[in-house]
Structures are given as C-alpha cells and as structure tokens.
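Everything on this sheet refers to the single structure shown next.
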Amino acid sequence: MSKYLSRVYTFLVFLFLYAPIAVLIFFSFNNSRYRGQWDGFSLRWYKELLDDRIIVQAFYNTITIAILTTIVATVLGTIAAIGLSNIKGVKKKVIMNLNYMPVVSPDILIGISLMILFIFSNIRLGYVSLLLAHITFCTPYVILSVLPKITQLNKYLFEAALDLGATPWQAIRKVILPQIMPGIFTGGLLAFTLSLDDFVVSFFTTGSGINTLPIAIYSMAKRGINPKINAVSTILFVVVLVLLIIVNKRTNTEKKEEGVN
Amino acid sequence: MKKNYLAYPYILWLFAFILIPLFLVLFYSVSSKDSSMLTLDNYKRFFDPIYIQVFVRSVNLSLIATLICLVIGYPVAWIIANMEPAKRNFWVLLFVVPMWMNFLLRTYAWMTILENTGIINTLLEKFGFQSLNLIYNSQAVVLGMVYNFLPFMVFPIYSILVKIDKNLLEAAQDLGADKKSVFMKVIFPLSLPGVLSGAIMTFMPAVSTFAISRLLGGGKVTLIGNVIEQQFLLVNDWYFGSALSIIMMGFILIFVYILRKVEKDDEERSIF
C-alpha cells in the first residue's frame, strides 16, 4: 500500500514538473496562435523564429558571451586558485568570503551593484559590460571547483618536479595542471552554463540594443503569449537533454576508468 | 611553491567588481540627490505604508512558497533516497532536466496554462464550466515560485537523507519506536540541516525575484524585487533602490541567522 502510494506521489510530482514543458513543446508545433485550439501540425513558429533578427542576434550574443566568459573565467580562476593555495590565515579568509559573495547573494544585488559601478565609472552598458559582469559571477565557481583539487595535491609534487630538473613553468604545465584538470573542467562547464542561463545580472548590466536570449525571452513574455517562445523552449530542451546525456556518459566512463585503475 | 602573486590579478578583480560595487550600493543608500551630506532619508521612506505592504507581501508569499516546497519536496527526497542506488541517479537526473531550462521559459510555460484563453480555461469551457481567473494574482506567483525552486528544496534534503545510516532506523525500531516516532525523533532531526539549507535556497531567490511576479502577477502583484527594478530602470532613483536592496539583503541575513540558530539549538538539545 505504502509502495503504491509513493509511486502515485512520485508520478504526480514529476507530472507537475514535466507537464508544463510538455505543453510548451506540444504547442510549438501548433499552427494556431491560440493554445486552446489545435490547428494542425506546422513548423511555422520555428520558421518565424529564424526570421526574427532580434532573437538570432540575441542567440549569437548569448553564445559568444558564454564562450568568452568561460575562457576568461577558467584561466583567471585557475591561476588565482594556484596562487590562493599558498595564501593562509586572515588574508585567505577575506578573499574567500569576497569570492563567495556572488554565490550567496541574490542575483538582483549583483546586477544593480555592477550597473552602478559601470555607469559610475563611465563604462558604456552593452556587450563589454555584460562580459565583465558574467566573468565576475562565473569565476568564483571556477575557483571553488579548482581550489579543492589543488589542496588535495601532494605538496612535494611540485618540488619533486623541480628536483628532477623542470623549470617552475614546466612543473606547473606538465605536473600540476594535468592533476587538477578535472576541477578545471568542472569549473569551466559551470561557468558556461551559468553564463548561458543568466537573466537577472544581464538584465541590469546590458545597454540598449544588446540582448541576450533570456532578456529577449523576458521582453517577449512580458507582452503576453508568443508561440515563438514555445519554439525556443523546444530547441533548448532538446539541446539540454543531449548535453546532459553526453555529460552523464562521460562521467560514467570516467568512473569506470577510475575503477579499472 | 611560493606563487602568491598568481592570485593578485583576481584579488584586484574581486576588489573592482565585487567590493567596490557593494560599497557603492551602500553609499548610494545613505546619499541623496540634493545634498552631499549622508542621510537616512531613503531608509525612512521605506516606512511608507505602500512599501511596507510590498515588503510584507514579498516575505509572505516567499514563506508560503518555501513551506509548500518543503511539504511537496520532503517526501520526494525521501522516496528517491530510499530507492536502490542504481535507480537513484536516474531519478535525480530526471529532477535536474527541467532545471536546466531557463527559469523564464518555465515561468512562461505556466502563463500558457493559466491564461484566460489558456489550456485550463479552454478545457473548462469545453465541458461547459465557467472560466476562472487563474493568472495575475498572488496564487499564480506562488505557484511560479514553487515550480521554479522546488529542486532547490529537494536536493539538500535528499543529499542528507541518502547518507543517514539505516542501522539507526532499525535501532530505533528495535527500541520500540513506532513509524511516526522514528520519523519525528530520528529521521527528521537528522535531516534538519538539509531542510534548513533547502529553505534558504528557496526563500532567497523567491523573496528577491521580480521576473516571476511580473510574468505571473502581470504587474498586479508587486514584490520588493519589482520595486527595486523600477527604481533602477524606470524611475532612476538609485538612492532609494539601493536602500531597498540593503533592506532586502538585511532581511535575508536575518532569515538565515534564525534558521542557523534553530539548527544550533537543536544540536544543543540533542546532547541531552
């Protein structure tokens, strides 16, 4: 009885989670503008989506900002984490607490504080300010994923490399970096998805004319129902699903390889 | 390896893009357009009944959403935690997939369902019932919060429940506890840290949101986030907007502090 009950309950919760998404996907193929009526299968909204210059441009901005953010945040964060692993005491505590700020504060606070900074220091709101903002809230996650890997390292590893004749740079590149690579990879992946997904911080730090996909979606949704959003959702849902399956497979094979070793 | 200087560029970045901006918010909150003197006028303005009402509404709706998330989410966490390990990951993944969609899309999905010409109302009319006003009210906003933030409640609880030693439950049963007291006296107290961090992770984005209330409240349900957004993007009153942000942040910190205290008190009690 209780097993039956818990099955029904799980089913209901997952229905609650997935029904709205299923509805979105279903009606993205509807020929009619109105959700109540099914007017036959059509790819009309997908075509209109591709013809929409604003959305295509917003999509382009979202992707390029996410890629640039990932590169800068991963490099900046990894280098910082290597340096931070040597800093101890109060100094480290202060830095780590500052680093936690974007992680624990509400997005709106990060958004308005950066907006004030950019206007205050005459940085024009637009693509560059968006990029700076994204790097700011993504880098902390890189540090949080890389730093533990560095502290786990054997601290004599670096010295051993030097004793065996490596220059410090070689020791970092050939000994340290390969060891902390999983952390760097996780951090980079986090930075990429956070940047792609961000709405609130971008909303406050962008200027006229520069949209990201979430901002474009928000301004469309604010005006009411728009079947083009259904089409966007369907595309993104499929992309997310494929990405998750790939990442899952990857981690599974990694686990298996570790098991063999 | 003495490579402290490698951290310096990022320390500089932290100062420029985290510390200074937060100080600017703090500074604006005690400044005014008209004079160069520091003032508390922006904070006084908050005590206008209009803003107090908005604030009470924000806290109220977020607390309700947090509570609903707990009531719905706890059993889910429990059910998944009690599955066979091989199955668990699959179900957790199933829980993650919707979360990877942007929250605006997830909120928009409910617009298409609740709307006056939306799915529920079309179905109601088809079967001869009168259509209902389901959207643009505070219930719709709470629904949006619950839908968006439910996973934030489930994951912390799940990650604690999954680690609870099953021997403890058997020991409690051997010692004569019935199912109810095993849950109330063993499982729930052990899972309390998960419940508390789940509550924080649900309450914080809920109380500071402006997009969910705008889309599902349609401008009729104004929350503190909406007022802050308006101050910065519409009215251009950074002074009052900053003060409101500081007040909101202060309230979140109080909420976190109270929850942490609950946890601590519980630890102290459990010693005896």
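How things are named: the first chain in the structure tokens is A, the next is B, and so on; residues count from 1 in each chain; ligands count from 1 in the order shown.
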Find the spatial neighbours of segment 63-70 of chain B, counting only C-alpha atoms, within a cut-off of 6 Å - ignore same-chain residues fewer than 6 positions away - and output them as a PyMOL selection string. chain B and resi 142+146+150+202-203
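Excluding Gln230 of chain B and any residue on its chain fewer than 2 positions from it, the residues at most 12 Å away by only C-alpha atoms are Ile112 and Phe204 of chain A; Phe210, Ala211, Arg214, Gly219, Thr222, Leu223, Ile224, Gly225, Asn226, Val227, Ile228, Phe232, Leu233, Leu234, Val235, Asn236, Asp237, Trp238, Phe240, Gly241, Ser242 and Leu244 of chain B.
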What are the closest atom pairs, with distances in Å to one decimal, for all residues of chain A lying within 7 Å of chain B? Consider only C-alpha atoms, order rows by chain and residue number, and present the result as a Markdown table.
```
| residue | atom | partner | partner_atom | distance |
| --- | --- | --- | --- | --- |
| A:Ser6 | CA | B:Ile79 | CA | 6.9 |
| A:Thr10 | CA | B:Val76 | CA | 6.6 |
| A:Pro20 | CA | B:Ala109 | CA | 5.4 |
| A:Ile21 | CA | B:Ala109 | CA | 6.5 |
| A:Leu24 | CA | B:Ala109 | CA | 6.1 |
| A:Arg35 | CA | B:Gly118 | CA | 6.0 |
| A:Gly36 | CA | B:Ile119 | CA | 5.3 |
| A:Leu76 | CA | B:Tyr10 | CA | 6.6 |
| A:Ile79 | CA | B:Leu6 | CA | 5.8 |
| A:Ala80 | CA | B:Ala7 | CA | 4.0 |
| A:Ala81 | CA | B:Ala7 | CA | 6.8 |
| A:Ile82 | CA | B:Leu6 | CA | 6.9 |
| A:Gly83 | CA | B:Ala7 | CA | 4.4 |
| A:Leu84 | CA | B:Ala7 | CA | 5.6 |
| A:Asn86 | CA | B:Asn4 | CA | 5.9 |
| A:Ile87 | CA | B:Asn4 | CA | 6.4 |
| A:Leu98 | CA | B:Leu14 | CA | 6.8 |
| A:Pro106 | CA | B:Pro205 | CA | 6.3 |
| A:Ile108 | CA | B:Ser208 | CA | 6.9 |
| A:Leu109 | CA | B:Ser245 | CA | 6.6 |
| A:Ser113 | CA | B:Pro21 | CA | 4.8 |
| A:Leu114 | CA | B:Pro21 | CA | 5.8 |
| A:Ile116 | CA | B:Pro21 | CA | 6.9 |
| A:Leu117 | CA | B:Pro21 | CA | 5.4 |
| A:Thr136 | CA | B:Phe17 | CA | 6.6 |
| A:Phe158 | CA | B:Met1 | CA | 6.8 |
| A:Asp197 | CA | B:Asn102 | CA | 5.8 |
| A:Tyr218 | CA | B:Leu104 | CA | 6.6 |
| A:Ala221 | CA | B:Tyr108 | CA | 6.6 |
| A:Lys222 | CA | B:Leu215 | CA | 5.9 |
| A:Ile225 | CA | B:Thr112 | CA | 6.7 |
| A:Ser233 | CA | B:Leu105 | CA | 6.5 |
| A:Phe237 | CA | B:Met101 | CA | 6.5 |
| A:Val240 | CA | B:Trp100 | CA | 6.6 |
| A:Leu241 | CA | B:Val97 | CA | 6.9 |
```
Picked from segment 5-249 of chain B by DSSP as helix (DSSP H, G or I), as a CSV table (one decimal) with C-alpha atoms, in the first residue's frame:
```csv
chain,number,residue,atom,x,y,z
B,5,TYR,CA,51.4,36.7,-6.8
B,6,LEU,CA,49.4,34.4,-9.1
B,7,ALA,CA,46.3,35.3,-7.1
B,8,TYR,CA,46.9,39.1,-7.4
B,9,PRO,CA,45.0,39.7,-10.7
B,10,TYR,CA,41.9,38.0,-9.3
B,11,ILE,CA,42.2,39.8,-6.0
B,12,LEU,CA,42.3,43.0,-7.9
B,13,TRP,CA,39.2,41.8,-9.9
B,14,LEU,CA,37.4,41.0,-6.6
B,15,PHE,CA,38.0,44.5,-5.3
B,16,ALA,CA,37.0,46.2,-8.5
B,17,PHE,CA,33.9,44.2,-9.4
B,18,ILE,CA,32.6,42.9,-6.0
B,19,LEU,CA,33.8,45.0,-3.1
B,20,ILE,CA,33.6,48.5,-4.7
B,21,PRO,CA,30.2,47.9,-6.3
B,22,LEU,CA,28.8,46.7,-2.9
B,23,PHE,CA,30.2,49.8,-1.3
B,24,LEU,CA,28.7,52.0,-4.0
B,25,VAL,CA,25.3,50.4,-3.2
B,26,LEU,CA,25.8,51.1,0.5
B,27,PHE,CA,27.0,54.6,-0.3
B,28,TYR,CA,24.0,55.4,-2.5
B,29,SER,CA,21.6,54.1,0.1
B,41,ASP,CA,16.0,59.6,4.3
B,42,ASN,CA,16.0,56.7,1.9
B,43,TYR,CA,15.5,54.2,4.7
B,44,LYS,CA,12.8,56.4,6.3
B,45,ARG,CA,11.0,56.4,3.0
B,49,PRO,CA,2.7,52.0,4.2
B,50,ILE,CA,2.9,51.4,0.4
B,51,TYR,CA,6.4,50.0,0.7
B,52,ILE,CA,5.8,48.2,3.9
B,53,GLN,CA,2.8,46.5,2.3
B,54,VAL,CA,5.0,45.4,-0.7
B,55,PHE,CA,7.6,44.1,1.7
B,56,VAL,CA,5.2,42.2,3.8
B,57,ARG,CA,3.7,40.7,0.7
B,58,SER,CA,7.1,39.6,-0.6
B,59,VAL,CA,8.1,37.9,2.6
B,60,ASN,CA,4.7,36.4,3.0
B,61,LEU,CA,4.5,34.9,-0.5
B,62,SER,CA,8.1,33.6,-0.3
B,63,LEU,CA,7.5,32.0,3.1
B,64,ILE,CA,4.4,30.3,1.7
B,65,ALA,CA,6.3,29.1,-1.4
B,66,THR,CA,9.1,27.8,0.8
B,67,LEU,CA,6.7,25.9,3.0
B,68,ILE,CA,4.9,24.4,0.1
B,69,CYS,CA,8.2,23.4,-1.4
B,70,LEU,CA,9.1,21.7,1.9
B,71,VAL,CA,5.8,19.8,2.1
B,72,ILE,CA,5.9,18.7,-1.5
B,73,GLY,CA,9.7,18.2,-1.7
B,74,TYR,CA,10.5,16.3,1.5
B,75,PRO,CA,8.5,13.1,0.5
B,76,VAL,CA,10.1,13.3,-2.9
B,77,ALA,CA,13.6,13.4,-1.4
B,78,TRP,CA,12.6,10.6,0.9
B,79,ILE,CA,11.3,8.4,-1.8
B,80,ILE,CA,14.3,8.9,-4.1
B,81,ALA,CA,16.8,8.4,-1.2
B,85,PRO,CA,21.4,3.1,-5.6
B,86,ALA,CA,21.4,2.3,-9.3
B,87,LYS,CA,17.9,3.8,-9.8
B,88,ARG,CA,18.6,6.9,-7.7
B,89,ASN,CA,20.9,8.7,-10.1
B,90,PHE,CA,18.4,8.3,-12.9
B,91,TRP,CA,15.6,9.9,-10.8
B,92,VAL,CA,17.8,12.7,-9.6
B,93,LEU,CA,18.7,13.3,-13.2
B,94,LEU,CA,15.1,13.4,-14.1
B,95,PHE,CA,14.7,16.0,-11.5
B,96,VAL,CA,17.6,18.1,-12.9
B,97,VAL,CA,16.5,18.2,-16.5
B,98,PRO,CA,13.7,20.8,-16.2
B,99,MET,CA,16.1,22.9,-14.0
B,103,PHE,CA,13.5,29.8,-15.4
B,104,LEU,CA,11.9,32.4,-17.7
B,105,LEU,CA,10.8,29.6,-20.0
B,106,ARG,CA,9.5,27.5,-17.1
B,107,THR,CA,7.6,30.6,-15.9
B,108,TYR,CA,6.3,31.3,-19.3
B,109,ALA,CA,5.0,27.7,-19.5
B,110,TRP,CA,2.6,28.4,-16.7
B,111,MET,CA,1.4,31.6,-18.4
B,112,THR,CA,0.2,29.4,-21.3
B,113,ILE,CA,-1.5,27.1,-18.9
B,114,LEU,CA,-3.2,29.6,-16.6
B,119,ILE,CA,-5.3,25.4,-21.6
B,120,ILE,CA,-7.2,25.0,-18.3
B,121,ASN,CA,-9.8,27.6,-19.2
B,122,THR,CA,-10.3,26.2,-22.7
B,123,LEU,CA,-10.9,22.8,-21.2
B,124,LEU,CA,-13.3,24.2,-18.6
B,125,GLU,CA,-15.3,25.9,-21.3
B,126,LYS,CA,-15.4,22.9,-23.5
B,138,SER,CA,-0.7,36.1,-5.9
B,139,GLN,CA,-1.6,32.4,-6.1
B,140,ALA,CA,-0.1,32.3,-9.6
B,141,VAL,CA,3.1,34.0,-8.3
B,142,VAL,CA,3.4,31.4,-5.5
B,143,LEU,CA,2.8,28.6,-8.0
B,144,GLY,CA,5.6,30.0,-10.2
B,145,MET,CA,8.0,30.2,-7.2
B,146,VAL,CA,7.2,26.6,-6.1
B,147,TYR,CA,7.6,25.3,-9.7
B,148,ASN,CA,10.9,27.1,-10.2
B,149,PHE,CA,12.5,26.5,-6.8
B,150,LEU,CA,11.2,23.0,-5.8
B,151,PRO,CA,14.5,21.3,-6.8
B,152,PHE,CA,16.4,23.7,-4.5
B,153,MET,CA,14.5,22.2,-1.6
B,154,VAL,CA,14.7,18.6,-2.7
B,155,PHE,CA,18.4,18.3,-3.4
B,156,PRO,CA,19.8,19.4,0.0
B,157,ILE,CA,17.3,17.2,1.8
B,158,TYR,CA,18.0,14.3,-0.5
B,159,SER,CA,21.7,14.6,-0.1
B,160,ILE,CA,21.3,14.3,3.7
B,161,LEU,CA,18.7,11.6,3.7
B,166,LYS,CA,19.9,2.7,8.0
B,167,ASN,CA,21.0,0.9,11.2
B,168,LEU,CA,19.9,3.9,13.2
B,169,LEU,CA,16.3,3.5,12.0
B,170,GLU,CA,16.4,-0.2,12.8
B,171,ALA,CA,17.9,0.5,16.2
B,172,ALA,CA,15.1,3.0,16.9
B,173,GLN,CA,12.5,0.4,15.9
B,174,ASP,CA,14.2,-2.3,18.0
B,179,LYS,CA,7.0,4.6,12.5
B,180,LYS,CA,5.8,8.0,13.4
B,181,SER,CA,8.3,8.5,16.2
B,182,VAL,CA,11.1,7.1,14.1
B,183,PHE,CA,10.4,9.8,11.7
B,184,MET,CA,9.8,12.6,14.2
B,185,LYS,CA,12.6,11.7,16.6
B,186,VAL,CA,15.3,10.2,14.3
B,187,ILE,CA,14.9,10.9,10.6
B,188,PHE,CA,13.6,14.5,10.7
B,189,PRO,CA,16.1,15.8,13.3
B,190,LEU,CA,18.9,14.3,11.3
B,191,SER,CA,17.7,15.8,8.1
B,192,LEU,CA,17.2,19.2,9.6
B,193,PRO,CA,20.4,20.7,8.1
B,194,GLY,CA,19.2,19.8,4.7
B,195,VAL,CA,15.8,21.2,5.4
B,196,LEU,CA,17.3,24.5,6.5
B,197,SER,CA,19.7,24.9,3.6
B,198,GLY,CA,16.8,24.0,1.3
B,199,ALA,CA,14.7,26.7,3.0
B,200,ILE,CA,17.4,29.3,2.5
B,201,MET,CA,18.0,28.3,-1.1
B,202,THR,CA,14.3,28.5,-1.8
B,203,PHE,CA,13.5,31.6,0.2
B,204,MET,CA,16.3,33.8,-1.2
B,205,PRO,CA,15.6,33.7,-4.9
B,206,ALA,CA,11.8,33.8,-4.1
B,207,VAL,CA,12.0,37.0,-2.0
B,211,ALA,CA,10.5,38.3,-13.2
B,212,ILE,CA,8.2,35.7,-11.8
B,213,SER,CA,5.9,38.3,-10.2
B,214,ARG,CA,6.0,40.4,-13.3
B,215,LEU,CA,5.1,37.5,-15.7
B,216,LEU,CA,2.6,35.6,-13.5
B,217,GLY,CA,1.4,38.6,-11.5
B,224,ILE,CA,10.2,44.1,-3.4
B,225,GLY,CA,12.2,42.9,-6.4
B,226,ASN,CA,9.8,44.8,-8.7
B,227,VAL,CA,10.2,48.0,-6.8
B,228,ILE,CA,14.0,47.7,-6.9
B,229,GLU,CA,13.9,47.0,-10.6
B,230,GLN,CA,11.7,50.1,-11.2
B,231,GLN,CA,13.9,52.3,-9.1
B,232,PHE,CA,16.9,51.4,-11.2
B,233,LEU,CA,15.5,51.0,-14.7
B,238,TRP,CA,19.4,54.8,-7.3
B,239,TYR,CA,19.3,56.2,-3.8
B,240,PHE,CA,16.0,54.6,-2.8
B,241,GLY,CA,16.7,51.5,-4.9
B,242,SER,CA,20.0,50.9,-3.1
B,243,ALA,CA,18.3,51.4,0.3
B,244,LEU,CA,15.6,48.9,-0.6
B,245,SER,CA,18.3,46.4,-1.7
B,246,ILE,CA,20.2,46.8,1.5
B,247,ILE,CA,16.9,46.2,3.5
B,248,MET,CA,16.1,43.1,1.4
B,249,MET,CA,19.6,41.8,2.0
```
Skipping near chain neighbours, those fewer than 6 positions away, what residues fall within 10 Å of Ile119 of chain A using only C-alpha atoms, listed as an MDAnalysis selection string? chainID A and resid 125 129 205
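Among the candidates A:Gly40, A:Gly111, A:Pro140, A:Pro148, the one nearest to Gly188 of chain A when counting only C-alpha atoms is A:Pro140.
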Pairwise distance, atom CA of Val104 of chain A with atom CA of Cys138 of chain A, equals 12.6 Å
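Shortest separation to Lys163 of chain B among B:Ala177, B:Phe127, B:Asn82, B:Asn133 occurs at residue B:Asn82, atoms counted being only C-alpha atoms.
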Closest to Val56 of chain A among A:Thr251, A:Val72, A:Thr212, A:Asp107, using only C-alpha atoms? A:Thr212
